[in-house]
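Enquirer: Coordinates in my_file_11.txt, compact mmCIF, C-alpha atoms, are listed below.
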# COMPACT_ATOMS: atom_id res chain seq x y z
CA MET A 1265 -41.09 -59.27 -71.36
CA ASN A 1266 -43.05 -60.78 -68.48
CA ARG A 1267 -43.41 -59.40 -64.97
CA GLU A 1268 -40.65 -61.58 -63.55
CA GLN A 1269 -38.20 -60.42 -66.22
CA ILE A 1270 -39.14 -56.79 -65.64
CA PHE A 1271 -38.67 -57.26 -61.91
CA LYS A 1272 -35.18 -58.71 -62.37
CA HIS A 1273 -34.11 -55.76 -64.56
CA VAL A 1274 -35.56 -53.31 -62.07
CA GLN A 1275 -33.70 -54.97 -59.22
CA ASP A 1276 -30.44 -54.54 -61.15
CA ILE A 1277 -31.29 -50.86 -61.62
CA PHE A 1278 -31.96 -50.46 -57.88
CA ARG A 1279 -28.63 -52.11 -57.07
CA ASP A 1280 -26.83 -49.73 -59.42
CA ILE A 1281 -28.58 -46.58 -58.22
CA PHE A 1282 -28.19 -47.39 -54.54
CA ASP A 1283 -24.67 -48.86 -54.88
CA ASP A 1284 -25.67 -52.08 -53.15
CA VAL A 1285 -24.98 -55.30 -55.05
CA ASP A 1286 -26.87 -57.32 -52.44
CA LEU A 1287 -30.01 -55.19 -52.42
CA ILE A 1288 -33.17 -57.29 -52.65
CA ILE A 1289 -36.40 -55.53 -53.58
CA HIS A 1290 -39.95 -56.80 -53.17
CA ASP A 1291 -43.35 -55.65 -54.42
CA SER A 1292 -43.83 -53.93 -51.07
CA THR A 1293 -40.49 -52.07 -51.15
CA ASN A 1294 -40.84 -48.29 -50.98
CA SER A 1295 -38.73 -45.31 -50.00
CA ASP A 1296 -39.21 -46.08 -46.30
CA GLY A 1297 -37.21 -49.28 -46.70
CA ILE A 1298 -34.13 -47.91 -48.47
CA GLU A 1299 -32.15 -45.32 -46.55
CA ASP A 1300 -30.66 -43.57 -49.60
CA TRP A 1301 -33.98 -43.30 -51.48
CA ASP A 1302 -34.10 -39.50 -51.45
CA SER A 1303 -35.61 -37.16 -54.03
CA LEU A 1304 -32.56 -37.09 -56.31
CA ASN A 1305 -32.14 -40.86 -56.26
CA HIS A 1306 -35.85 -41.13 -56.99
CA ILE A 1307 -35.32 -39.10 -60.17
CA ASN A 1308 -32.25 -41.20 -60.98
CA LEU A 1309 -34.35 -44.32 -60.55
CA VAL A 1310 -37.12 -43.11 -62.84
CA SER A 1311 -34.60 -41.92 -65.45
CA ALA A 1312 -32.77 -45.25 -65.39
CA VAL A 1313 -36.02 -47.19 -65.80
CA GLU A 1314 -37.19 -44.93 -68.64
CA LYS A 1315 -33.92 -45.36 -70.52
CA GLU A 1316 -33.51 -49.09 -69.86
CA PHE A 1317 -37.05 -49.98 -70.96
CA ASN A 1318 -37.55 -47.15 -73.46
CA ILE A 1319 -40.76 -46.02 -71.77
CA ARG A 1320 -41.86 -42.66 -70.39
CA PHE A 1321 -43.80 -41.84 -67.23
CA ALA A 1322 -46.08 -38.89 -66.62
CA LEU A 1323 -45.75 -37.09 -63.31
CA GLY A 1324 -49.32 -38.04 -62.37
CA GLU A 1325 -48.56 -41.72 -62.91
CA LEU A 1326 -45.50 -41.54 -60.70
CA GLN A 1327 -47.31 -39.71 -57.93
CA GLU A 1328 -49.83 -42.54 -57.65
CA LEU A 1329 -47.22 -45.26 -57.17
CA LYS A 1330 -47.05 -46.49 -53.58
CA ASP A 1331 -44.36 -49.15 -53.92
CA VAL A 1332 -42.16 -51.12 -56.30
CA GLY A 1333 -44.96 -53.55 -57.11
CA ALA A 1334 -47.16 -50.73 -58.36
CA MET A 1335 -44.31 -49.45 -60.52
CA ILE A 1336 -43.72 -52.91 -62.00
CA ASP A 1337 -47.46 -53.19 -62.76
CA LEU A 1338 -47.39 -49.84 -64.55
CA MET A 1339 -44.27 -50.83 -66.48
CA GLU A 1340 -45.85 -54.14 -67.48
CA TYR A 1341 -48.87 -52.21 -68.79
CA LYS A 1342 -46.69 -49.76 -70.76
CA LEU A 1343 -44.58 -52.56 -72.26
CA LYS A 1344 -47.58 -54.52 -73.63
CA MET J 1007 -25.95 -16.05 -70.55
CA ASN J 1008 -28.43 -18.33 -72.27
CA GLU J 1009 -31.94 -18.63 -70.88
CA TYR J 1010 -33.30 -21.93 -72.16
CA LYS J 1011 -36.51 -22.96 -70.43
CA PHE J 1012 -37.37 -26.63 -69.95
CA SER J 1013 -39.90 -26.40 -72.78
CA ASP J 1014 -37.13 -25.18 -75.12
CA ILE J 1015 -34.99 -28.25 -74.55
CA LYS J 1016 -34.88 -30.91 -77.27
CA ILE J 1017 -32.75 -34.03 -77.63
CA GLY J 1018 -29.62 -33.09 -79.57
CA LEU J 1019 -29.59 -29.41 -78.56
CA THR J 1020 -25.90 -28.47 -78.46
CA GLU J 1021 -23.82 -25.64 -77.03
CA SER J 1022 -20.07 -25.03 -76.84
CA PHE J 1023 -17.54 -22.45 -75.73
CA ASN J 1024 -13.76 -21.95 -75.59
CA VAL J 1025 -11.37 -21.40 -72.71
CA GLU J 1026 -7.62 -20.83 -72.57
CA ILE J 1027 -5.74 -22.26 -69.62
CA ASP J 1028 -3.24 -19.72 -68.38
CA PHE J 1029 -0.89 -19.86 -65.44
CA SER J 1030 -3.10 -17.70 -63.24
CA LYS J 1031 -5.96 -20.21 -63.46
CA LEU J 1032 -3.70 -22.98 -62.24
CA GLU J 1033 -2.41 -20.81 -59.38
CA LYS J 1034 -5.94 -19.78 -58.34
CA PHE J 1035 -7.16 -23.36 -58.34
CA LEU J 1036 -4.11 -24.39 -56.33
CA ASP J 1037 -5.01 -21.73 -53.78
CA ILE J 1038 -8.65 -22.83 -53.63
CA SER J 1039 -8.11 -26.58 -53.50
CA ASN J 1040 -4.72 -26.78 -51.77
CA ASP J 1041 -4.06 -29.81 -53.97
CA THR J 1042 -0.27 -29.54 -53.91
CA ASN J 1043 0.47 -32.86 -55.52
CA PRO J 1044 3.87 -32.42 -57.25
CA LEU J 1045 2.36 -33.25 -60.63
CA HIS J 1046 0.65 -29.86 -60.41
CA ILE J 1047 3.45 -27.75 -58.95
CA ASP J 1048 6.79 -29.35 -59.85
CA ARG J 1049 7.70 -29.28 -63.54
CA LYS J 1050 10.76 -31.48 -63.06
CA TYR J 1051 8.77 -34.12 -61.20
CA ALA J 1052 5.99 -34.06 -63.78
CA LYS J 1053 8.48 -34.56 -66.61
CA GLU J 1054 10.15 -37.41 -64.75
CA LYS J 1055 6.74 -39.07 -64.59
CA GLY J 1056 6.27 -38.81 -68.33
CA PHE J 1057 4.25 -35.62 -68.66
CA GLU J 1058 5.18 -32.67 -70.86
CA ASP J 1059 4.90 -30.14 -68.05
CA ARG J 1060 3.01 -29.41 -64.82
CA VAL J 1061 -0.41 -31.02 -65.15
CA VAL J 1062 -3.42 -28.78 -64.72
CA HIS J 1063 -5.79 -30.11 -62.04
CA GLY J 1064 -8.49 -32.26 -63.58
CA LEU J 1065 -11.14 -30.62 -61.46
CA LEU J 1066 -10.04 -27.17 -62.66
CA THR J 1067 -10.87 -28.20 -66.20
CA ALA J 1068 -13.99 -29.99 -64.99
CA SER J 1069 -15.18 -26.73 -63.48
CA PHE J 1070 -15.99 -25.73 -67.06
CA TYR J 1071 -18.71 -28.37 -67.04
CA SER J 1072 -20.31 -26.16 -64.40
CA THR J 1073 -19.96 -23.20 -66.76
CA LEU J 1074 -21.44 -25.25 -69.60
CA VAL J 1075 -24.69 -25.86 -67.78
CA GLY J 1076 -24.79 -22.71 -65.64
CA VAL J 1077 -24.18 -20.29 -68.50
CA TYR J 1078 -24.85 -22.06 -71.81
CA LEU J 1079 -27.09 -25.14 -71.55
CA PRO J 1080 -29.61 -24.43 -70.13
CA GLY J 1081 -27.99 -21.33 -68.58
CA MET J 1082 -30.01 -19.10 -66.28
CA SER J 1083 -32.49 -21.76 -65.11
CA CYS J 1084 -29.89 -24.42 -64.36
CA ILE J 1085 -29.65 -26.25 -61.09
CA LEU J 1086 -26.81 -28.74 -61.27
CA GLN J 1087 -27.76 -32.15 -59.84
CA GLY J 1088 -24.92 -34.47 -60.77
CA ILE J 1089 -21.83 -35.06 -62.88
CA ASP J 1090 -19.97 -38.25 -63.79
CA ILE J 1091 -16.56 -37.41 -65.22
CA GLU J 1092 -13.77 -39.44 -66.82
CA PHE J 1093 -10.39 -37.89 -67.54
CA SER J 1094 -8.51 -39.27 -70.53
CA SER J 1095 -5.60 -36.91 -71.29
CA PRO J 1096 -3.57 -34.31 -69.36
CA VAL J 1097 -4.12 -30.57 -69.73
CA TYR J 1098 -1.20 -28.11 -69.60
CA VAL J 1099 -0.89 -24.37 -69.13
CA GLY J 1100 -1.29 -22.78 -72.56
CA ASP J 1101 -3.85 -25.30 -73.80
CA ALA J 1102 -6.94 -23.96 -75.53
CA LEU J 1103 -9.97 -26.03 -74.57
CA THR J 1104 -13.36 -26.32 -76.19
CA ILE J 1105 -16.25 -27.50 -74.04
CA TYR J 1106 -19.15 -29.19 -75.83
CA GLY J 1107 -22.50 -30.24 -74.42
CA LYS J 1108 -25.41 -32.06 -76.09
CA VAL J 1109 -28.78 -32.95 -74.57
CA SER J 1110 -29.06 -36.74 -74.56
CA TYR J 1111 -32.10 -37.44 -72.39
CA ILE J 1112 -35.08 -35.53 -71.03
CA ASN J 1113 -37.03 -36.62 -67.95
CA GLU J 1114 -40.35 -34.93 -68.63
CA ALA J 1115 -41.95 -35.93 -65.32
CA TYR J 1116 -39.32 -34.35 -63.09
CA LYS J 1117 -37.97 -31.78 -65.54
CA GLN J 1118 -34.43 -33.02 -65.47
CA ILE J 1119 -32.13 -33.27 -68.48
CA GLU J 1120 -28.94 -35.19 -69.12
CA ILE J 1121 -26.14 -33.70 -71.16
CA LYS J 1122 -23.28 -35.63 -72.72
CA ALA J 1123 -20.32 -33.31 -72.52
CA THR J 1124 -16.72 -33.39 -73.67
CA ILE J 1125 -13.67 -31.18 -73.43
CA VAL J 1126 -11.13 -31.25 -76.27
CA ASN J 1127 -7.83 -29.42 -76.56
CA GLN J 1128 -6.39 -27.38 -79.44
CA ASN J 1129 -5.29 -30.61 -81.14
CA LYS J 1130 -8.87 -31.94 -81.04
CA LYS J 1131 -7.80 -34.51 -78.46
CA LYS J 1132 -10.46 -35.37 -75.90
CA VAL J 1133 -9.21 -34.60 -72.39
CA SER J 1134 -12.38 -35.58 -70.51
CA LYS J 1135 -16.00 -36.54 -70.92
CA ALA J 1136 -18.94 -36.18 -68.60
CA THR J 1137 -22.58 -36.99 -68.15
CA ILE J 1138 -24.30 -34.05 -66.46
CA LYS J 1139 -27.74 -34.01 -64.85
CA THR J 1140 -29.43 -30.68 -64.39
CA GLY J 1141 -32.82 -29.51 -63.25
CA PHE J 1142 -34.57 -26.17 -63.73
CA VAL J 1143 -35.34 -23.55 -61.12
CA ASP J 1144 -38.62 -21.67 -60.94
CA GLU J 1145 -40.55 -23.84 -63.38
Any chance you could put this one into structure tokens?
Expert:
Amino acid sequence: MNREQIFKHVQDIFRDIFDDVDLIIHDSTNSDGIEDWDSLNHINLVSAVEKEFNIRFALGELQELKDVGAMIDLMEYKLK
Amino acid sequence: MNEYKFSDIKIGLTESFNVEIDFSKLEKFLDISNDTNPLHIDRKYAKEKGFEDRVVHGLLTASFYSTLVGVYLPGMSCILQGIDIEFSSPVYVGDALTIYGKVSYINEAYKQIEIKATIVNQNKKKVSKATIKTGFVDE
């Protein structure tokens, strides 16, 4: 799965978690840009990504992520 | 009360317990919720609508999902974070329910677990199912 394919799946996950079918995410998207991105939805997001892609994140990895682009990069690395 | 810690939790870990629905439970939930829909309080109306008797409030029975996680799985350390519930069959006064829960996913980073739960009646008929998310306090 290439980066573009990962990104599309992740966008679908964001739309589901944040109940917004029109939500568009970018590499620079972070919690400042989505009103409902609170701590519980953050966990929901991580759980949904882990289950969808069958990968696991360590807390340290997650704490270093500054935006969606960084998460996609990490996912791409884990899926290789 | 069970006292599972996060480190004790494994995929597939299962707990269950039994509850009988008596008239007093229905009356107490009616008092708490003030949900006076005639399906819950008017036997004649309920029968006219195709039910066997007054229908027990779905959220009364769903309250046992709270018991499942708060007392049994994980029990003491539980902090309930979310429930998605689907109701599939009515519950009546006199029914004997069994509540099952099984760990289906573990989020190691944030110490949250998901539990697939079901409630079945004395005839082994599923009355509802739920996906429950719970965290752990003081860990």
Enquirer: Please measure the separation of CA of Asn1024 in chain J and CA of Ala1102 in chain J, giving the value in Å to one decimal.
Expert: 7.1 Å
Enquirer: Dump as a PyMOL selection string all residues having an atom at most 6 Å from (1.2, -33.7, -65.7), computed in the file's coordinates with only C-alpha atoms.
Expert: chain J and resi 1045+1052+1057+1059-1061
Enquirer: At most 8 Å is the cut-off: for each residue in chain J with any atom that close to an atom of chain A, write down the nearest atom pair and the distance in Å rounded to one decimal, counting all atoms listed in the file, chain first then increasing number, as CSV.
Expert:
residue,atom,partner,partner_atom,distance
J:Gln1087,CA,A:Leu1304,CA,7.7
J:Asn1113,CA,A:Ser1311,CA,6.3
J:Glu1114,CA,A:Ala1322,CA,7.2
J:Ala1115,CA,A:Leu1323,CA,4.5
J:Tyr1116,CA,A:Ile1307,CA,6.9
Enquirer: Taking into account all atoms listed in the file, which residue in the set J:Phe1142, J:Tyr1051, J:Phe1023, J:Phe1012 is nearest to Ser1083 in chain J?
Expert: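 Among the listed residues, J:Phe1142 lies closest to Ser1083 in chain J.
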Enquirer: Write out as a ChimeraX atom specification each polymer residue whose atoms come within 8 Å of Tyr1111 in chain J, counting only C-alpha atoms; drop sequence neighbours fewer than 3 positions from it.
Expert: /J:1017,1119-1121
Enquirer: Between CA of Ile1270 in chain A and CA of Trp1301 in chain A, what distance in Å does the model show, to one decimal?
Expert: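 Separation of CA of Ile1270 in chain A and CA of Trp1301 in chain A: 20.2 Å.
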Enquirer: Show which residues sit within 10 Å of range 1129-1140 of chain J, as a PyMOL selection string. Count all atoms listed in the file, and ignore same-chain residues fewer than 5 positions away.
Expert: (chain A and resi 1308) or (chain J and resi 1064+1067-1068+1071-1072+1074-1076+1079-1080+1083-1097+1101-1112+1117-1124)
Enquirer: State, in Å with one decimal place, the distance from CA of Asp1331 in chain A to CA of Asn1294 in chain A.
Expert: 4.7 Å
Enquirer: From the list A:Asp1286, A:Asp1280, A:Glu1316, A:Asp1296, which residue is nearest Met1339 in chain A when using all atoms listed in the file?
Expert: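 Counting all atoms listed in the file, the residue closest to Met1339 in chain A is A:Glu1316.
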Enquirer: Between A:Asn1305, A:Arg1279, A:His1290, A:Arg1267, which one has atoms that come closest to Asp1337 in chain A, using all atoms listed in the file?
Expert: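 Between A:Asn1305, A:Arg1279, A:His1290, A:Arg1267, the residue approaching Asp1337 in chain A most closely is A:Arg1267.
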Enquirer: So that I can check the surroundings of Gly1333 in chain A, please list as an mmCIF file with C-alpha atoms, in the coordinates of the input every protein, DNA and RNA residue that reaches within 9 Å of it, counting only C-alpha atoms and ignoring chain neighbours fewer than 2 positions away.
Expert:
data_model
loop_
_atom_site.group_PDB
_atom_site.id
_atom_site.type_symbol
_atom_site.label_atom_id
_atom_site.label_comp_id
_atom_site.auth_asym_id
_atom_site.auth_seq_id
_atom_site.Cartn_x
_atom_site.Cartn_y
_atom_site.Cartn_z
ATOM 1 C CA PHE A 1271 -38.670 -57.260 -61.910
ATOM 2 C CA HIS A 1290 -39.950 -56.800 -53.170
ATOM 3 C CA ASP A 1291 -43.350 -55.650 -54.420
ATOM 4 C CA SER A 1292 -43.830 -53.930 -51.070
ATOM 5 C CA THR A 1293 -40.490 -52.070 -51.150
ATOM 6 C CA LEU A 1329 -47.220 -45.260 -57.170
ATOM 7 C CA LYS A 1330 -47.050 -46.490 -53.580
ATOM 8 C CA ASP A 1331 -44.360 -49.150 -53.920
ATOM 9 C CA MET A 1335 -44.310 -49.450 -60.520
ATOM 10 C CA ILE A 1336 -43.720 -52.910 -62.000
ATOM 11 C CA ASP A 1337 -47.460 -53.190 -62.760
ATOM 12 C CA LEU A 1338 -47.390 -49.840 -64.550
#
Enquirer: As AutoDock Vina command-line options, what would the box around range 1075-1081 of chain J look like: edges along x, y and z, 4 Å added on every side, centre and edge lengths in Å to one decimal?
Expert:
--center_x -26.9 --center_y -23.1 --center_z -68.7 --size_x 13.4 --size_y 13.6 --size_z 14.2
Enquirer: Take chain A from the block and save it with C-alpha atoms, as a CSV table (one decimal), in the first residue's frame.
Expert:
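Final output, saved to out.csv:
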chain,number,residue,atom,x,y,z
A,1265,MET,CA,0.0,0.0,0.0
A,1266,ASN,CA,1.5,3.3,-1.0
A,1267,ARG,CA,1.3,6.6,0.8
A,1268,GLU,CA,-1.6,7.9,-1.3
A,1269,GLN,CA,-3.6,4.8,-0.6
A,1270,ILE,CA,-2.9,5.0,3.1
A,1271,PHE,CA,-3.9,8.6,3.1
A,1272,LYS,CA,-7.2,7.8,1.5
A,1273,HIS,CA,-8.0,5.1,4.1
A,1274,VAL,CA,-7.0,7.5,6.9
A,1275,GLN,CA,-9.2,10.2,5.6
A,1276,ASP,CA,-12.2,7.7,5.6
A,1277,ILE,CA,-11.3,6.9,9.3
A,1278,PHE,CA,-11.2,10.6,10.2
A,1279,ARG,CA,-14.6,11.1,8.5
A,1280,ASP,CA,-16.1,8.2,10.5
A,1281,ILE,CA,-14.6,9.3,13.9
A,1282,PHE,CA,-15.5,12.9,13.5
A,1283,ASP,CA,-18.9,12.2,11.9
A,1284,ASP,CA,-18.2,14.5,9.0
A,1285,VAL,CA,-18.5,13.0,5.5
A,1286,ASP,CA,-17.0,16.1,3.9
A,1287,LEU,CA,-13.9,16.3,6.1
A,1288,ILE,CA,-10.7,16.9,4.1
A,1289,ILE,CA,-7.4,16.2,5.9
A,1290,HIS,CA,-4.0,17.3,4.8
A,1291,ASP,CA,-0.5,16.4,5.9
A,1292,SER,CA,-0.5,19.6,8.0
A,1293,THR,CA,-3.8,18.7,9.8
A,1294,ASN,CA,-3.6,18.4,13.5
A,1295,SER,CA,-5.8,18.7,16.6
A,1296,ASP,CA,-5.9,22.5,16.3
A,1297,GLY,CA,-7.8,22.2,13.0
A,1298,ILE,CA,-10.6,19.8,14.0
A,1299,GLU,CA,-12.9,21.1,16.8
A,1300,ASP,CA,-13.9,17.6,18.0
A,1301,TRP,CA,-10.3,16.2,18.2
A,1302,ASP,CA,-10.3,15.8,21.9
A,1303,SER,CA,-8.4,13.1,24.0
A,1304,LEU,CA,-11.1,10.4,23.6
A,1305,ASN,CA,-11.5,10.9,19.9
A,1306,HIS,CA,-7.7,10.8,19.7
A,1307,ILE,CA,-7.7,7.4,21.2
A,1308,ASN,CA,-10.6,6.4,18.9
A,1309,LEU,CA,-8.6,7.5,16.0
A,1310,VAL,CA,-5.5,5.6,17.0
A,1311,SER,CA,-7.6,2.5,17.7
A,1312,ALA,CA,-9.3,2.7,14.4
A,1313,VAL,CA,-6.0,3.0,12.5
A,1314,GLU,CA,-4.5,0.1,14.4
A,1315,LYS,CA,-7.4,-2.1,13.6
A,1316,GLU,CA,-7.9,-1.1,10.0
A,1317,PHE,CA,-4.2,-1.5,9.1
A,1318,ASN,CA,-3.4,-4.2,11.6
A,1319,ILE,CA,-0.5,-2.2,13.1
A,1320,ARG,CA,0.4,-1.2,16.6
A,1321,PHE,CA,1.8,2.1,17.9
A,1322,ALA,CA,3.9,2.6,21.0
A,1323,LEU,CA,3.0,5.6,23.2
A,1324,GLY,CA,6.4,7.2,22.5
A,1325,GLU,CA,5.8,7.0,18.8
A,1326,LEU,CA,2.4,8.7,19.1
A,1327,GLN,CA,3.8,11.5,21.4
A,1328,GLU,CA,6.3,12.5,18.7
A,1329,LEU,CA,3.7,12.9,16.0
A,1330,LYS,CA,2.9,16.6,15.2
A,1331,ASP,CA,0.4,16.2,12.4
A,1332,VAL,CA,-1.4,13.8,10.1
A,1333,GLY,CA,1.5,13.8,7.7
A,1334,ALA,CA,3.9,12.5,10.4
A,1335,MET,CA,1.4,9.8,11.3
A,1336,ILE,CA,1.1,8.7,7.6
A,1337,ASP,CA,4.9,8.6,7.4
A,1338,LEU,CA,5.0,6.4,10.5
A,1339,MET,CA,2.3,4.1,9.1
A,1340,GLU,CA,4.0,3.8,5.8
A,1341,TYR,CA,7.2,2.7,7.6
A,1342,LYS,CA,5.3,0.2,9.7
A,1343,LEU,CA,3.5,-1.3,6.6
A,1344,LYS,CA,6.7,-1.9,4.6
